[in-house]
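Participant: I am attaching a structure below and will ask some questions about it afterwards.
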Amino acid sequence: MSLSHSELCYPKLSSNHMHVHYLVQEQERSKTYAFNMDKDLCTPMGELLDCRFERLEKALNVMIDSLAKNTPSEKLAEELVSAQEDLNDGLKLLERHQNNYGRIQQLRQETSLLDTQIKDIASSLWNMRKELKAVPTTAHPMNGQRYRFTTAELLAYGRRISRNTLPPPGVTNGVDMSTPEPSQTTQTPFTSFNTSFNGTVGTPGPMSATPNTTLDTQTTSQQLAAAKPNTTEAKLPQHLKPAVNPLHNAAFQPWPTEAQIRSGGLAAIQRLVDAGIDPRGYDPEEEERKKQAEEQAKKEAEERARQEREAAERRMREERERMARERERARQQMEGGAGADRRDSVVGAGPRASKPKQFTFLGADDDDDEDED
Amino acid sequence: MDSWPMSVDSPALDPPSVPNGGDEPKHGGYSRFELELEFVQSLANPQYLNYLASRKFLTNRAFVAYLEYLQYWARPPYLKYLTFPTATLKMLELLQQEKFRQDIISPDLAQALMAEGMKTAVEWHREG
């Protein structure tokens with residue numbers, strides 16, 4: 001309305017009026033803009049702006065009227081300016097208002113976003129809890145005692161028992177074959193090897209290719225065993241023969257085999273008892289060691305005796321030799337002494353044959369011994 | 001395998017000490033720990049049980065008392081020395097029942113136990 005009015009007035013207005021008119025247009029625009037954005041805002045802000053704008057419009061109308069009537073008044077102009085400033089303040093307020101509103105909207109968005117996040121997390125937690133509760137766990141006896149162990153111990157134990165709790169892959173076929181399920185008998189190279197092996201021995205065991213035979217032999221062996229339970233140890237059921245055959249590599253049993261039991265410590269004790277030895281406090285290794293030590297001691301004693309005997313013999317031999325040498329020397333001395341006497345008479349005293357030596361006969365002998373040593 | 005004279009009146013022994021490299025009394029070169037470990041695991045073999053039953057061991061009161069005593073293998077620190085844990089513990093449990101001790105004399109039962117034990121050993125891990 002005011003816009004059309006201004007347009008109507010526009011040609012008649014002076015430059016001063018033109019300026020005011022421009023301002024009005026500008027404010028109108030911002031007002032429209034503000035109200036478009038502000039539709040759902042609380043009204044006080046809109047009312048405030050409305051009344052300030054009306055005041056400016058009124059002042060402007062009065063001003064235009066007074067100008068049209070050619071009675072300009074300073075008071076009216078001042079009123080117009082103050083109305084203008086008022087509106088400007090209001091617009092600044094509106095700006096702040098709008099900024100705050102934008103911020104509120106942004107925060108609302110954020111909170112709703114976070115709300116959905118929280119909901120998501122909560123629901124996923126709930127789902128996880130449901131899944132966890134659905135996981136089947138080992139049932140622990142609640143009243144039983146709990147034992148502490150470390151992961152390392154558990155793993156070490158697992159490694160130790162694994163060969164006894166799960167057959168190696170190649171053996172699985174053999175085990176399936178040995179269970180009385182003829183439908184599972186499939187011919188593989190592995191079992192055919194067993195067949196040929198068994199064939200040469202002449203015992204048609206469960207590894208034979210025909211399942212019917214397997215069942216027959218089993219039932220007969222069971223009947224035999226049932227008839228004479230005392231002979232089970234001596235005569236194994238046919239299908240177990242491969243299991244106790246050390247040459248049969250395909251044997252897997254989740255318990256110690258008969259061969260293992262028969263070669264164990266208890267069997268060793270049985271052998272000791274059979275031999276009439278009380279196994280209590282008896283250690284074959286210890287006994288062996290003792291025996292060896294005794295033998296060693298005996299050998300050493302013999303060796304020592306032999307050495308002593310030899311040493312004595314050597315001493316005696318040396319003694320004999322010495323005596324023989326002494327006798328020989330004495331004989332030579334005797335002969336030499338006789339010769340020297342003769343020579344003395346002919347040539348005179350030689351460098352070696354000195355007279356006093358003849359009188360210290362034994363002393364000269366000692367000298368000779370020292371020379372030998 | 002015969003055993004030396006047993007008596008119900010002999011006092012119950014404490015489980016042997018876990019081997020610690022010390023100087024333990026030996027029986028035929030083996031410690032009590034080694035022998036009892038070997039024996040309790042031998043009991044896992046159904047055929048051996050059938051044999052023991054046929055030799056009337058399982059009706060001997062002293063032997064039954066010994067079986068009861070052997071239950072210490074189901075507890076630490078002994079438990080971890082069993083290398084055939086599944087069958088050993090099951091058989092040890094079954095052997096405490098008088099009915100089982102009487103029934104195992106049947107070779108059919110021993111046979112069935114062996115078949116089932118084998119099957120379980122092959123198939124237990126396929127369930128998961």
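Chain lettering (A, B, ...) mirrors the order of the structure tokens, residue numbering begins at 1 for each chain separately, and ligand numbering begins at 1 in order of display.
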Define the interface residues of chain B facing chain A as those within 7 Å, counting only C-alpha atoms, and report them as a list in words.

Facilitator: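 That gives Met1, Pro25, Lys26, His27, Gly28, Gly29, Tyr30, Leu35, Gln41, Ser42, Ala44, Asn45, Tyr51, Ser54, Lys80, Thr83, Phe84, Ala87, Pro107, Asp108, Ala115, Gly117, Met118, Ala121 and Val122 of chain B for chain B.
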
Participant: What separation in Å, quoted to one decimal, exists between atom CA of Leu132 of chain A and atom CA of Thr116 of chain A?

Facilitator: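 Computed distance, atom CA of Leu132 of chain A to atom CA of Thr116 of chain A, equals 23.8 Å.
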
Participant: Env of Glu68 of chain B: 9 Å cut, atoms = only C-alpha atoms, seq-sep filter 6 positions within chain, self excluded. Answer as a ChimeraX atom specification.

Facilitator: /B:92,95-96

Participant: Could you please take those selected residues and save N, CA and C atoms as a compact mmCIF listing (two decimals), in the first residue's frame?

Facilitator:
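Generated file (selection20.txt):
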```txt
# COMPACT_ATOMS: atom_id res chain seq x y z
N LEU B 92 35.90 -92.99 34.61
CA LEU B 92 36.10 -92.88 36.07
C LEU B 92 34.76 -92.59 36.75
N LEU B 95 32.57 -95.72 36.51
CA LEU B 95 33.05 -96.82 37.36
C LEU B 95 32.61 -96.66 38.82
N GLN B 96 32.16 -95.48 39.18
CA GLN B 96 31.69 -95.30 40.55
C GLN B 96 30.30 -95.91 40.74
```

Participant: Counting only C-alpha atoms, what is within 10 Å of segment 69-79 of chain B, bar same-chain residues fewer than 6 positions away, as number ranges by chain?

Facilitator: A: 145, 147-149; B: 12-18, 33, 36-37, 39-41, 63, 85, 88-90, 92-93, 96

Participant: So how far away is atom CA of Val64 of chain B from atom CA of Asn50 of chain B, in Å?

Facilitator: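 Computing it gives 14.9 Å between the two atoms.
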
Participant: Taking only C-alpha atoms into account, which of B:Met91, B:Leu49, B:Trp124, B:Lys56 comes nearest Ile104 of chain B?

Facilitator: B:Leu49

Participant: What's around segment 75-77 of chain A at 10 Å? Count only C-alpha atoms, leave out sequence neighbours fewer than 2 positions away in its own chain, and write the answer as a list in words.

Facilitator: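 In the requested format, the answer is Ala59, Leu60, Asn61, Val62, Met63, Ile64, Ser66, Pro72, Ser73, Glu79, Leu80, Val81, Ser82 and Ala83 of chain A.
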
Participant: In Å to one decimal, how far is atom CA of Ala305 of chain A from atom CA of Arg317 of chain A?

Facilitator: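 These two atoms are separated by 18.0 Å.
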